[in-house]
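Source file data_31.txt; content: compact mmCIF, C-alpha atoms and all ligand atoms.
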# COMPACT_ATOMS: atom_id res chain seq x y z
CA MET A 28 -3.84 -13.16 -17.20
CA ALA A 29 -0.72 -12.58 -19.28
CA GLY A 30 1.08 -10.42 -16.69
CA THR A 31 3.30 -12.44 -14.38
CA ALA A 32 3.29 -11.70 -10.68
CA LEU A 33 6.82 -11.45 -9.34
CA ILE A 34 6.45 -13.19 -5.98
CA ILE A 35 9.17 -12.62 -3.43
CA ARG A 36 8.22 -14.95 -0.60
CA SER A 37 5.32 -17.29 -1.01
CA ASP A 38 3.63 -20.64 -0.97
CA ARG A 39 3.09 -20.86 -4.71
CA ALA A 40 0.96 -24.01 -4.47
CA ALA A 41 -1.42 -22.26 -2.11
CA LEU A 42 -1.60 -19.32 -4.48
CA ARG A 43 -2.77 -21.54 -7.31
CA ARG A 44 -5.25 -23.37 -5.09
CA PRO A 45 -8.76 -22.10 -5.94
CA HIS A 46 -10.30 -20.42 -2.94
CA ASN A 47 -13.01 -22.60 -1.54
CA ILE A 48 -16.21 -20.65 -2.00
CA GLY A 49 -19.00 -21.86 0.23
CA SER A 50 -16.62 -23.66 2.58
CA ILE A 51 -18.01 -25.29 5.72
CA MET A 52 -18.33 -22.57 8.30
CA GLU A 53 -16.33 -22.88 11.49
CA SER A 54 -17.93 -21.97 14.80
CA VAL A 55 -15.05 -19.88 16.15
CA ASN A 56 -13.41 -16.76 14.86
CA ARG A 57 -9.64 -16.54 15.27
CA ARG A 58 -8.41 -12.96 15.59
CA ILE A 59 -5.23 -10.93 16.08
CA THR A 60 -5.78 -8.14 18.60
CA LEU A 61 -3.70 -5.24 19.88
CA ALA A 62 -2.14 -6.28 23.22
CA ARG A 63 -0.41 -2.94 23.91
CA ARG A 64 0.62 0.14 21.97
CA PRO A 65 3.92 -0.27 20.10
CA SER A 66 6.78 1.98 21.04
CA GLY A 67 8.72 2.61 17.84
CA LEU A 68 8.94 -0.41 15.59
CA PRO A 69 6.19 -2.93 16.54
CA VAL A 70 7.29 -6.22 18.11
CA ASP A 71 5.50 -9.58 18.49
CA ALA A 72 4.47 -8.83 22.10
CA ASP A 73 2.34 -5.89 20.90
CA PHE A 74 -0.14 -8.41 19.47
CA SER A 75 -2.08 -11.38 20.76
CA GLN A 76 -4.26 -14.06 19.20
CA ASP A 77 -7.64 -15.17 20.54
CA GLU A 78 -10.77 -17.05 19.52
CA THR A 79 -14.31 -15.75 19.88
CA PRO A 80 -17.65 -17.20 18.81
CA LEU A 81 -18.61 -16.38 15.24
CA PRO A 82 -20.32 -12.99 15.27
CA PRO A 83 -24.10 -12.99 14.61
CA VAL A 84 -25.37 -11.75 11.25
CA ALA A 85 -28.02 -9.09 11.99
CA ASP A 86 -30.28 -7.42 9.44
CA GLY A 87 -28.25 -5.04 7.26
CA THR A 88 -24.99 -6.98 7.75
CA MET A 89 -23.12 -9.83 6.11
CA LEU A 90 -20.59 -12.40 7.27
CA VAL A 91 -17.39 -12.44 5.25
CA ARG A 92 -14.71 -15.14 5.32
CA ASN A 93 -11.47 -13.17 4.96
CA ARG A 94 -9.00 -14.49 2.37
CA VAL A 95 -6.33 -11.81 1.95
CA PHE A 96 -5.14 -9.02 4.26
CA ALA A 97 -3.29 -6.03 2.87
CA ILE A 98 -0.41 -5.26 5.22
CA ASP A 99 -0.25 -1.49 4.92
CA ALA A 100 1.96 1.12 6.52
CA ALA A 101 -1.25 2.89 7.58
CA ILE A 102 -1.90 0.06 10.07
CA ARG A 103 1.10 1.27 12.10
CA GLY A 104 -0.63 4.66 12.47
CA PHE A 105 -3.88 3.04 13.68
CA LEU A 106 -1.94 1.48 16.61
CA ASP A 107 -0.90 4.85 18.09
CA ASP A 108 -3.24 6.79 20.35
CA ARG A 109 -3.19 10.04 18.42
CA PRO A 110 -5.63 11.96 16.19
CA SER A 111 -5.62 10.83 12.56
CA TYR A 112 -8.13 10.30 9.77
CA LEU A 113 -9.49 7.25 11.68
CA PRO A 114 -9.72 6.63 15.44
CA PRO A 115 -6.95 4.52 17.00
CA VAL A 116 -7.42 0.76 17.47
CA ALA A 117 -8.23 0.22 21.17
CA ILE A 118 -6.23 -2.20 23.31
CA GLY A 119 -7.87 -5.63 22.98
CA GLU A 120 -9.52 -4.72 19.68
CA VAL A 121 -8.92 -6.54 16.40
CA VAL A 122 -6.12 -4.93 14.40
CA ARG A 123 -7.72 -2.94 11.60
CA GLY A 124 -6.76 -3.37 7.95
CA MET A 125 -8.04 -3.81 4.42
CA ALA A 126 -9.30 -7.33 3.77
CA LEU A 127 -10.58 -9.20 0.75
CA GLY A 128 -12.99 -12.02 1.44
CA GLU A 129 -15.96 -14.03 0.31
CA VAL A 130 -19.48 -13.50 1.56
CA VAL A 131 -20.75 -16.61 3.36
CA GLU A 132 -24.06 -15.22 4.64
CA SER A 133 -25.78 -11.97 3.75
CA ARG A 134 -28.68 -9.97 5.16
CA LEU A 135 -27.47 -6.92 3.27
CA ASP A 136 -29.02 -5.80 -0.02
CA CYS A 137 -26.87 -6.25 -3.13
CA PHE A 138 -24.51 -8.82 -1.54
CA ALA A 139 -24.91 -12.59 -1.82
CA PRO A 140 -22.98 -15.67 -0.67
CA GLY A 141 -20.02 -16.25 -2.97
CA ASP A 142 -19.46 -12.55 -3.72
CA ILE A 143 -15.90 -11.33 -3.26
CA VAL A 144 -15.77 -8.07 -1.31
CA ARG A 145 -13.01 -5.69 -0.23
CA ALA A 146 -13.32 -3.36 2.77
CA LEU A 147 -11.57 -2.00 5.81
CA ALA A 148 -12.07 -4.87 8.25
CA GLY A 149 -9.65 -6.55 10.63
CA TRP A 150 -7.11 -9.33 11.19
CA GLU A 151 -9.70 -12.03 11.86
CA GLU A 152 -10.92 -15.05 9.96
CA HIS A 153 -14.48 -13.72 9.66
CA SER A 154 -15.79 -10.17 9.72
CA VAL A 155 -19.34 -8.89 9.95
CA LEU A 156 -19.68 -5.88 7.68
CA ASN A 157 -22.48 -3.41 7.09
CA ALA A 158 -23.03 -0.99 4.22
CA ASP A 159 -20.97 1.69 6.00
CA ALA A 160 -17.76 -0.37 6.08
CA LEU A 161 -15.01 1.94 4.78
CA GLY A 162 -14.09 1.23 1.16
CA LEU A 163 -16.68 -1.56 0.87
CA GLU A 164 -16.93 -2.76 -2.71
CA LYS A 165 -17.89 -5.90 -4.55
CA CYS A 166 -14.98 -7.10 -6.65
CA ASP A 167 -15.60 -8.64 -10.04
CA ILE A 168 -12.72 -11.13 -10.09
CA ALA A 169 -12.72 -13.69 -12.88
CA ASP A 170 -9.59 -15.58 -11.78
CA ARG A 171 -10.05 -16.35 -8.09
CA SER A 172 -6.77 -18.29 -7.91
CA GLN A 173 -4.90 -14.95 -7.71
CA LEU A 174 -6.96 -13.03 -5.19
CA SER A 175 -3.88 -11.48 -3.60
CA LEU A 176 -3.20 -9.38 -6.71
CA HIS A 177 -6.47 -7.59 -6.00
CA MET A 178 -4.99 -6.22 -2.79
CA GLY A 179 -1.86 -4.95 -4.54
CA THR A 180 -1.32 -3.89 -8.12
CA LEU A 181 -4.89 -4.70 -9.17
CA GLY A 182 -6.28 -3.32 -5.90
CA PRO A 183 -5.65 -0.48 -3.46
CA SER A 184 -1.90 -0.09 -4.16
CA GLY A 185 -2.46 0.28 -7.88
CA LEU A 186 -5.39 2.64 -7.36
CA THR A 187 -3.33 4.75 -4.97
CA ALA A 188 -0.48 5.00 -7.46
CA TYR A 189 -2.88 5.98 -10.25
CA VAL A 190 -4.85 8.55 -8.23
CA GLY A 191 -1.64 10.10 -6.90
CA LEU A 192 -0.03 10.39 -10.33
CA PHE A 193 -3.04 11.66 -12.28
CA ALA A 194 -5.50 13.29 -9.83
CA ILE A 195 -2.83 15.00 -7.71
CA GLY A 196 0.40 14.99 -9.75
CA ALA A 197 -1.27 15.63 -13.15
CA ILE A 198 1.68 13.89 -14.82
CA LYS A 199 2.28 14.47 -18.52
CA PRO A 200 4.45 12.60 -21.04
CA GLY A 201 8.01 13.91 -21.06
CA GLU A 202 7.98 15.03 -17.43
CA THR A 203 10.45 13.79 -14.84
CA VAL A 204 8.75 11.88 -12.02
CA ALA A 205 10.67 10.85 -8.88
CA ILE A 206 9.21 8.25 -6.52
CA SER A 207 10.40 7.29 -3.04
CA ALA A 208 10.02 3.76 -1.59
CA ALA A 209 10.18 2.88 -5.28
CA ALA A 210 10.43 -0.87 -4.72
CA GLY A 211 7.46 -0.81 -2.33
CA ALA A 212 3.82 -1.62 -2.91
CA VAL A 213 2.62 1.77 -4.13
CA GLY A 214 6.00 3.00 -5.37
CA ASN A 215 6.72 0.22 -7.82
CA VAL A 216 3.31 0.59 -9.46
CA ALA A 217 3.63 4.40 -9.56
CA GLY A 218 7.00 4.07 -11.29
CA GLN A 219 5.71 1.60 -13.85
CA ILE A 220 2.57 3.67 -14.61
CA ALA A 221 4.63 6.88 -14.97
CA ARG A 222 6.92 5.06 -17.42
CA LEU A 223 3.93 3.74 -19.39
CA THR A 224 2.63 7.35 -19.54
CA GLY A 225 5.86 8.50 -21.21
CA CYS A 226 7.51 10.09 -18.19
CA ARG A 227 11.15 9.82 -17.24
CA THR A 228 11.18 7.95 -13.93
CA ILE A 229 13.59 8.16 -11.00
CA GLY A 230 13.24 5.52 -8.29
CA ILE A 231 14.57 6.40 -4.83
CA THR A 232 15.17 3.40 -2.62
CA GLY A 233 17.10 2.07 0.36
CA SER A 234 19.31 -0.89 -0.57
CA PRO A 235 21.38 -2.25 -3.47
CA ASP A 236 18.89 -5.13 -3.92
CA LYS A 237 15.94 -2.77 -4.09
CA ALA A 238 17.87 -0.55 -6.50
CA ALA A 239 18.52 -3.55 -8.78
CA LEU A 240 14.84 -4.46 -8.62
CA CYS A 241 13.84 -0.91 -9.61
CA SER A 242 16.20 -1.03 -12.60
CA ASP A 243 14.69 -4.36 -13.57
CA LEU A 244 11.20 -2.84 -13.38
CA GLY A 245 12.23 -0.19 -15.91
CA PHE A 246 12.96 2.96 -13.87
CA ASP A 247 15.14 5.25 -16.01
CA ALA A 248 17.37 6.18 -13.07
CA VAL A 249 17.68 4.72 -9.59
CA VAL A 250 19.00 6.48 -6.49
CA ASP A 251 20.06 4.24 -3.59
CA TYR A 252 20.21 6.62 -0.64
CA THR A 253 22.26 4.08 1.35
CA ALA A 254 25.10 4.08 -1.22
CA PRO A 255 28.18 6.25 -0.54
CA GLY A 256 27.75 9.94 -1.37
CA SER A 257 25.15 12.55 -0.52
CA LEU A 258 21.53 12.18 -1.57
CA ASP A 259 21.64 15.78 -2.76
CA GLU A 260 24.42 15.00 -5.26
CA LYS A 261 22.74 11.81 -6.40
CA LEU A 262 19.50 13.69 -7.09
CA ALA A 263 21.36 16.41 -8.99
CA ALA A 264 22.96 13.74 -11.18
CA ALA A 265 19.69 11.85 -11.74
CA ALA A 266 17.58 14.95 -12.49
CA PRO A 267 19.87 17.73 -13.80
CA GLU A 268 16.86 19.65 -15.14
CA GLY A 269 14.76 19.22 -12.03
CA ILE A 270 11.89 17.02 -10.89
CA ASP A 271 8.44 17.88 -12.23
CA VAL A 272 6.53 15.52 -9.94
CA TYR A 273 7.74 14.00 -6.69
CA PHE A 274 5.52 11.10 -5.53
CA ASP A 275 6.31 11.03 -1.82
CA ASN A 276 5.79 7.81 0.09
CA VAL A 277 8.20 8.53 2.94
CA GLY A 278 8.42 12.22 3.97
CA GLY A 279 11.31 13.04 6.33
CA GLU A 280 14.83 13.65 5.11
CA ILE A 281 14.17 12.47 1.55
CA LEU A 282 11.30 14.95 1.13
CA ASP A 283 13.42 17.74 2.58
CA THR A 284 16.33 16.95 0.26
CA ILE A 285 14.11 16.72 -2.82
CA LEU A 286 12.43 20.14 -2.41
CA PRO A 287 15.38 22.17 -3.82
CA HIS A 288 15.48 19.78 -6.81
CA LEU A 289 11.92 20.53 -7.92
CA ALA A 290 11.51 22.04 -11.38
CA GLN A 291 9.52 25.26 -11.82
CA HIS A 292 5.84 24.52 -11.18
CA GLY A 293 6.76 21.16 -9.68
CA ARG A 294 4.17 19.11 -7.81
CA VAL A 295 4.74 17.13 -4.63
CA VAL A 296 2.22 14.30 -4.29
CA VAL A 297 1.94 13.50 -0.58
CA CYS A 298 0.93 9.85 -0.59
CA GLY A 299 2.42 8.95 2.78
CA MET A 300 5.20 9.69 5.25
CA ILE A 301 6.27 6.26 6.43
CA ALA A 302 9.63 7.58 7.69
CA ASN A 303 7.66 9.16 10.58
CA TYR A 304 5.26 6.33 11.46
CA ASN A 305 7.49 4.50 13.95
CA ASN A 306 8.43 7.75 15.71
CA ALA A 307 5.51 10.09 15.17
CA ASP A 308 6.51 12.19 18.22
CA GLU A 309 9.93 13.07 16.78
CA GLN A 310 9.34 13.81 13.13
CA TYR A 311 12.21 14.91 10.91
CA PRO A 312 12.07 18.73 10.65
CA ILE A 313 11.47 19.96 7.09
CA ARG A 314 13.74 22.95 6.45
CA ASN A 315 13.32 23.56 2.74
CA LEU A 316 9.61 24.46 2.48
CA TRP A 317 10.62 27.90 1.13
CA GLN A 318 11.52 26.07 -2.09
CA LEU A 319 7.79 25.68 -2.78
CA LEU A 320 7.68 29.45 -3.31
CA VAL A 321 10.97 29.62 -5.21
CA LYS A 322 9.75 26.90 -7.60
CA ARG A 323 6.07 28.04 -7.65
CA ALA A 324 5.44 24.47 -6.64
CA THR A 325 2.45 22.79 -5.02
CA MET A 326 2.34 20.09 -2.40
CA ARG A 327 -0.91 18.20 -1.85
CA GLY A 328 -1.92 15.17 0.16
CA PHE A 329 -4.66 12.73 -0.77
CA LEU A 330 -6.51 9.61 0.26
CA THR A 331 -7.25 7.24 -2.60
CA TYR A 332 -10.93 6.75 -1.86
CA ASP A 333 -11.53 10.52 -1.84
CA HIS A 334 -11.30 10.35 -5.63
CA PRO A 335 -13.98 7.87 -6.77
CA GLU A 336 -14.13 9.59 -10.17
CA PHE A 337 -10.69 8.12 -11.00
CA LEU A 338 -11.18 4.60 -9.68
CA GLY A 339 -13.06 3.02 -12.61
CA GLU A 340 -10.59 4.39 -15.14
CA ALA A 341 -7.68 3.33 -12.92
CA GLN A 342 -8.98 -0.22 -12.56
CA THR A 343 -9.55 -0.58 -16.32
CA ARG A 344 -6.17 0.77 -17.36
CA ILE A 345 -4.13 -1.06 -14.73
CA SER A 346 -5.86 -4.37 -15.53
CA ALA A 347 -5.16 -3.86 -19.23
CA TRP A 348 -1.48 -3.06 -18.62
CA VAL A 349 -1.09 -6.15 -16.42
CA ALA A 350 -2.94 -8.39 -18.89
CA ALA A 351 -0.68 -7.13 -21.68
CA GLY A 352 2.43 -7.87 -19.61
CA GLU A 353 3.41 -4.19 -19.60
CA LEU A 354 3.03 -3.72 -15.84
CA ARG A 355 4.55 -6.38 -13.56
CA PRO A 356 2.78 -7.04 -10.25
CA LEU A 357 5.20 -7.45 -7.37
CA GLU A 358 4.06 -9.32 -4.26
CA ASN A 359 5.43 -10.41 -0.89
CA ILE A 360 3.09 -13.10 0.44
CA SER A 361 2.85 -14.72 3.88
CA GLN A 362 0.47 -17.55 4.74
CA GLY A 363 -1.86 -17.74 7.73
CA LEU A 364 -3.54 -15.32 10.13
CA GLN A 365 -0.73 -15.79 12.68
CA SER A 366 1.83 -14.37 10.24
CA ALA A 367 0.15 -10.94 10.07
CA PRO A 368 2.10 -9.27 12.94
CA ASP A 369 5.45 -10.42 11.53
CA ALA A 370 4.44 -9.23 8.07
CA LEU A 371 3.69 -5.77 9.51
CA ILE A 372 6.96 -5.74 11.48
CA ARG A 373 8.92 -6.62 8.32
CA LEU A 374 7.11 -3.91 6.33
CA MET A 375 7.82 -1.31 9.01
CA SER A 376 11.49 -2.42 9.13
CA GLY A 377 11.91 -1.63 5.42
CA LYS A 378 12.59 -5.32 4.69
CA THR A 379 9.91 -5.89 2.07
CA THR A 380 9.51 -5.22 -1.62
CA GLY A 381 6.23 -5.15 -3.54
CA LYS A 382 2.83 -5.51 -1.94
CA THR A 383 2.91 -7.27 1.43
CA VAL A 384 -0.15 -9.47 1.90
CA VAL A 385 -1.24 -12.29 4.17
CA CYS A 386 -3.31 -15.08 2.61
CA LEU A 387 -5.58 -17.23 4.77
N1 LIG A 401 -2.73 8.25 0.51
C1 LIG A 401 -3.26 7.04 0.45
O1 LIG A 401 -4.46 6.85 0.19
C2 LIG A 401 -2.35 5.87 0.68
C3 LIG A 401 -2.76 4.56 0.37
C4 LIG A 401 -1.84 3.51 0.55
C5 LIG A 401 -0.56 3.79 1.04
N2 LIG A 401 -0.23 5.07 1.36
C6 LIG A 401 1.12 5.41 1.84
O2 LIG A 401 2.03 5.07 0.83
C7 LIG A 401 3.31 4.84 1.42
C8 LIG A 401 3.85 3.52 0.89
O3 LIG A 401 3.04 2.48 1.41
P1 LIG A 401 3.25 1.00 0.92
O4 LIG A 401 2.15 0.20 1.50
O5 LIG A 401 3.44 1.00 -0.55
O6 LIG A 401 4.59 0.60 1.69
P2 LIG A 401 5.92 0.04 1.04
O7 LIG A 401 6.47 1.13 0.19
O8 LIG A 401 5.64 -1.26 0.43
O9 LIG A 401 6.92 -0.30 2.23
C9 LIG A 401 7.63 0.53 2.97
C10 LIG A 401 8.93 1.10 2.34
O10 LIG A 401 9.04 2.43 2.79
C11 LIG A 401 10.40 2.81 2.84
N3 LIG A 401 10.75 3.49 4.10
C12 LIG A 401 11.35 4.68 4.17
N4 LIG A 401 11.54 5.03 5.42
C13 LIG A 401 11.06 4.05 6.21
C14 LIG A 401 11.01 3.85 7.61
N5 LIG A 401 11.46 4.76 8.49
N6 LIG A 401 10.46 2.70 8.06
C15 LIG A 401 10.00 1.78 7.20
N7 LIG A 401 10.02 1.93 5.83
C16 LIG A 401 10.56 3.06 5.35
C17 LIG A 401 11.20 1.52 2.67
O11 LIG A 401 11.67 1.52 1.32
P3 LIG A 401 13.14 2.06 0.98
O12 LIG A 401 14.08 1.21 1.76
O13 LIG A 401 13.23 1.85 -0.48
O14 LIG A 401 13.19 3.50 1.38
C18 LIG A 401 10.17 0.43 2.87
O15 LIG A 401 10.51 -0.76 2.20
C19 LIG A 401 3.12 4.85 2.93
O16 LIG A 401 3.55 6.08 3.44
C20 LIG A 401 1.62 4.69 3.08
O17 LIG A 401 1.14 5.25 4.27
C21 LIG A 401 -1.10 6.10 1.18

Spell out the structure here as structure tokens.
Ligand SMILES: NC(=O)c1ccc[n+]([C@@H]2O[C@H](COP(=O)([O-])OP(=O)(O)OC[C@H]3O[C@@H](n4cnc5c(N)ncnc54)[C@H](OP(=O)(O)O)[C@@H]3O)[C@@H](O)[C@H]2O)c1
Amino acid sequence: MAGTALIIRSDRAALRRPHNIGSIMESVNRRITLARRPSGLPVDADFSQDETPLPPVADGTMLVRNRVFAIDAAIRGFLDDRPSYLPPVAIGEVVRGMALGEVVESRLDCFAPGDIVRALAGWEEHSVLNADALGLEKCDIADRSQLSLHMGTLGPSGLTAYVGLFAIGAIKPGETVAISAAAGAVGNVAGQIARLTGCRTIGITGSPDKAALCSDLGFDAVVDYTAPGSLDEKLAAAAPEGIDVYFDNVGGEILDTILPHLAQHGRVVVCGMIANYNNADEQYPIRNLWQLLVKRATMRGFLTYDHPEFLGEAQTRISAWVAAGELRPLENISQGLQSAPDALIRLMSGKTTGKTVVCL
């Protein structure tokens, strides 16, 4: 692969180590479970680690040795006891998240030992999956020394960015596209794809280091909302003719401040609202919704896997951009199952850039 992954925190030797397909199976399954519901930002004591016997492989299931966990903001939502698009994780249950792993035993049609699969599973060394596992797909990965990329730019983060920009935002060359959490997993890919599509890109981010990273990634303008001055004035300076598409990863005050800066017929792509996830009971009140009418704008949420018609095209184009060195993957890698809670805590503290993953 010609594209170079920009790795922020990693064990590079382990990354190059080929994953050991067909490894000797262990008899226990180490897991990270939910010890209690977090209040605000999660802390270590919200999680515990245990060992259980390896789960049996019944007809219609397969045993998967997990290799990479995607540490996603959505996981924080699964830990609260409130209605959402999936039921909450119960106390004592394995923490739920997307995992990429290799099949070690299969009694499920179309899957064989050695296959690499991606699905919503959990923070455990082995998972038993059936055909109904959310997002289950076999991944055709030629270079297995870089599996983690298939959880970030070449995986769900890249697909999310692509679906949001094209299926929901309908971006066109020449338009101005603003993206929040622009140095984050989805945001950095969205910014790079919008640039490659011929859009003018504005990255909105929360520190001087992240702002420098966004400039380095090729955003045309970068707004650091922590720098002196009002966000409103910074947006006016960055987008004097208005924002055609706002790719929203955060919600809250940034969304509210952006609405008056939309161009006529602007589109707000609601990818996520991470600013609310640690305090879902006290969400920032949005005061500027009237601007949707003033600007004849639309605002639409989405879930990536609701748009399967875009996924093949997205995978092909993103892989080609990365292979050509035109789209730089950005990763933040931790090693070992035990590092998963800290990786989530860092993500939810706004301390990460790029895709946060845990490699086993
Ligand atoms: N719709 C879908 O199918 C889908 C799929 C995947 C992800 N998502 C959503 O996409 C968004 C981005 O996810 P990601 O995985 O790419 O995360 P991320 O952007 O890598 O990481 C989080 C970033 O969000 C920003 N942020 C703003 N307010 C925050 C707060 N109160 N607490 C913590 N972080 C805050 C921070 O960046 P700054 O400091 O730069 O503001 C932080 O670094 C999330 O809302 C997620 O739920 C949606």

Counting only C-alpha atoms and all ligand atoms, which residues in chain A sit no more than 7 Å from ligand LIG 401 (chain A)? For each one, give the nearest pair of atoms and the distance in Å, sorted by chain then residue number, as a Markdown table.
| residue | atom | partner | partner_atom | distance |
| --- | --- | --- | --- | --- |
| A:Asp99 | CA | A:LIG401 | O4 | 4.5 |
| A:Ala100 | CA | A:LIG401 | O17 | 4.8 |
| A:Ala101 | CA | A:LIG401 | O17 | 4.7 |
| A:Pro183 | CA | A:LIG401 | C4 | 6.8 |
| A:Ser184 | CA | A:LIG401 | C4 | 5.9 |
| A:Thr187 | CA | A:LIG401 | C3 | 5.4 |
| A:Ser207 | CA | A:LIG401 | O14 | 6.5 |
| A:Ala208 | CA | A:LIG401 | O13 | 3.9 |
| A:Ala209 | CA | A:LIG401 | O13 | 5.8 |
| A:Ala210 | CA | A:LIG401 | O13 | 5.8 |
| A:Gly211 | CA | A:LIG401 | O7 | 3.3 |
| A:Ala212 | CA | A:LIG401 | O5 | 3.5 |
| A:Val213 | CA | A:LIG401 | O5 | 3.8 |
| A:Gly214 | CA | A:LIG401 | O5 | 5.8 |
| A:Ile231 | CA | A:LIG401 | O13 | 6.4 |
| A:Thr232 | CA | A:LIG401 | O13 | 3.3 |
| A:Gly233 | CA | A:LIG401 | O12 | 3.4 |
| A:Ser234 | CA | A:LIG401 | O12 | 6.1 |
| A:Lys237 | CA | A:LIG401 | O13 | 6.5 |
| A:Asn276 | CA | A:LIG401 | C7 | 4.1 |
| A:Val277 | CA | A:LIG401 | C12 | 5.1 |
| A:Cys298 | CA | A:LIG401 | N1 | 4.1 |
| A:Gly299 | CA | A:LIG401 | O16 | 3.2 |
| A:Met300 | CA | A:LIG401 | O16 | 4.4 |
| A:Ile301 | CA | A:LIG401 | O16 | 4.0 |
| A:Ala302 | CA | A:LIG401 | N5 | 3.5 |
| A:Asn303 | CA | A:LIG401 | N5 | 6.2 |
| A:Asn305 | CA | A:LIG401 | N5 | 6.8 |
| A:Gly328 | CA | A:LIG401 | N1 | 7.0 |
| A:Phe329 | CA | A:LIG401 | N1 | 5.0 |
| A:Leu330 | CA | A:LIG401 | O1 | 3.4 |
| A:Thr331 | CA | A:LIG401 | O1 | 4.0 |
| A:Tyr332 | CA | A:LIG401 | O1 | 6.8 |
| A:Leu374 | CA | A:LIG401 | O9 | 5.5 |
| A:Met375 | CA | A:LIG401 | C15 | 4.2 |
| A:Ser376 | CA | A:LIG401 | C15 | 4.9 |
| A:Gly377 | CA | A:LIG401 | O15 | 3.6 |
| A:Lys378 | CA | A:LIG401 | O15 | 5.6 |
| A:Thr379 | CA | A:LIG401 | O15 | 5.2 |
| A:Thr380 | CA | A:LIG401 | O8 | 5.9 |
| A:Gly381 | CA | A:LIG401 | O8 | 5.6 |
| A:Lys382 | CA | A:LIG401 | O8 | 5.6 |
| A:Thr383 | CA | A:LIG401 | O8 | 6.7 |

Q) Within 12 Å of Val190 (chain A), counting all atoms listed in the file, which residues qualify if same-chain residues fewer than 3 places away don't, as a PyMOL selection string? A) chain A and resi 183-187+193-198+213+216-217+220-221+274+296-298+328-342+345

Limited to C-alpha atoms, could you put the picked residues into a file as a short mmCIF file (atom, residue, chain, number, x, y, z; two decimals), keeping the file's coordinate frame?
data_model
loop_
_atom_site.label_atom_id
_atom_site.label_comp_id
_atom_site.auth_asym_id
_atom_site.auth_seq_id
_atom_site.Cartn_x
_atom_site.Cartn_y
_atom_site.Cartn_z
CA PRO A 183 -5.65 -0.48 -3.46
CA SER A 184 -1.90 -0.09 -4.16
CA GLY A 185 -2.46 0.28 -7.88
CA LEU A 186 -5.39 2.64 -7.36
CA THR A 187 -3.33 4.75 -4.97
CA PHE A 193 -3.04 11.66 -12.28
CA ALA A 194 -5.50 13.29 -9.83
CA ILE A 195 -2.83 15.00 -7.71
CA GLY A 196 0.40 14.99 -9.75
CA ALA A 197 -1.27 15.63 -13.15
CA ILE A 198 1.68 13.89 -14.82
CA VAL A 213 2.62 1.77 -4.13
CA VAL A 216 3.31 0.59 -9.46
CA ALA A 217 3.63 4.40 -9.56
CA ILE A 220 2.57 3.67 -14.61
CA ALA A 221 4.63 6.88 -14.97
CA PHE A 274 5.52 11.10 -5.53
CA VAL A 296 2.22 14.30 -4.29
CA VAL A 297 1.94 13.50 -0.58
CA CYS A 298 0.93 9.85 -0.59
CA GLY A 328 -1.92 15.17 0.16
CA PHE A 329 -4.66 12.73 -0.77
CA LEU A 330 -6.51 9.61 0.26
CA THR A 331 -7.25 7.24 -2.60
CA TYR A 332 -10.93 6.75 -1.86
CA ASP A 333 -11.53 10.52 -1.84
CA HIS A 334 -11.30 10.35 -5.63
CA PRO A 335 -13.98 7.87 -6.77
CA GLU A 336 -14.13 9.59 -10.17
CA PHE A 337 -10.69 8.12 -11.00
CA LEU A 338 -11.18 4.60 -9.68
CA GLY A 339 -13.06 3.02 -12.61
CA GLU A 340 -10.59 4.39 -15.14
CA ALA A 341 -7.68 3.33 -12.92
CA GLN A 342 -8.98 -0.22 -12.56
CA ILE A 345 -4.13 -1.06 -14.73
#

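Distances here use all atoms listed in the file; by that measure, the residue among A:Met125, A:Ala254, A:Ile59, A:Leu262 closest to Met178 (chain A) is A:Met125.
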
Skipping near chain neighbours, those fewer than 2 positions away, what residues fall within 7 Å of Asn93 (chain A) using all atoms listed in the file, listed as a PDB file with C-alpha atoms, in the frame of the given file?
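Once written, around22.pdb looks like this:
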ATOM      1  CA  VAL A  91     -17.390 -12.440   5.250  1.00  0.00           C
ATOM      2  CA  VAL A  95      -6.330 -11.810   1.950  1.00  0.00           C
ATOM      3  CA  ALA A 126      -9.300  -7.330   3.770  1.00  0.00           C
ATOM      4  CA  LEU A 127     -10.580  -9.200   0.750  1.00  0.00           C
ATOM      5  CA  GLY A 128     -12.990 -12.020   1.440  1.00  0.00           C
ATOM      6  CA  GLU A 129     -15.960 -14.030   0.310  1.00  0.00           C
ATOM      7  CA  GLU A 152     -10.920 -15.050   9.960  1.00  0.00           C
ATOM      8  CA  HIS A 153     -14.480 -13.720   9.660  1.00  0.00           C
TER       9      HIS A 153
END

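Among the candidates A:Val155, A:Leu316, A:Ala264, A:Cys386, the one nearest to Val130 (chain A) when counting only C-alpha atoms is A:Val155.
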
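Counting all atoms listed in the file, the residue from A:Trp150, A:Trp317, A:Phe138, A:Trp348 that sits nearest to Leu90 (chain A) is A:Phe138.
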
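Within the 9 Å cut-off around Asn306 (chain A), using all atoms listed in the file and omitting residues fewer than 6 positions from it on the same chain, the listed residues are Ser66, Gly67 and Leu68 of chain A.
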
Each residue of region 136-199 of chain A lying at most 8 Å from region 353-356 of chain A should get a row with its shortest atom-to-atom pair and the distance in Å to one decimal, counting only C-alpha atoms; could you produce that, ordered by chain and increasing number, as a tab-separated table?
residue	atom	partner	partner_atom	distance
A:Leu176	CA	A:Pro356	CA	7.3
A:Gly179	CA	A:Pro356	CA	7.6
A:Thr180	CA	A:Pro356	CA	5.6

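Remark: for Asp236 (chain A), the closest of the candidate residues A:Leu163, A:Val249, A:Leu258, A:Leu147 is A:Val249 (distances computed over only C-alpha atoms).
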
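Compared by their closest atoms to Ser346 (chain A), and using only C-alpha atoms, the residues A:Asp167, A:Glu260, A:Glu309, A:Asp247 rank with A:Asp167 nearest.
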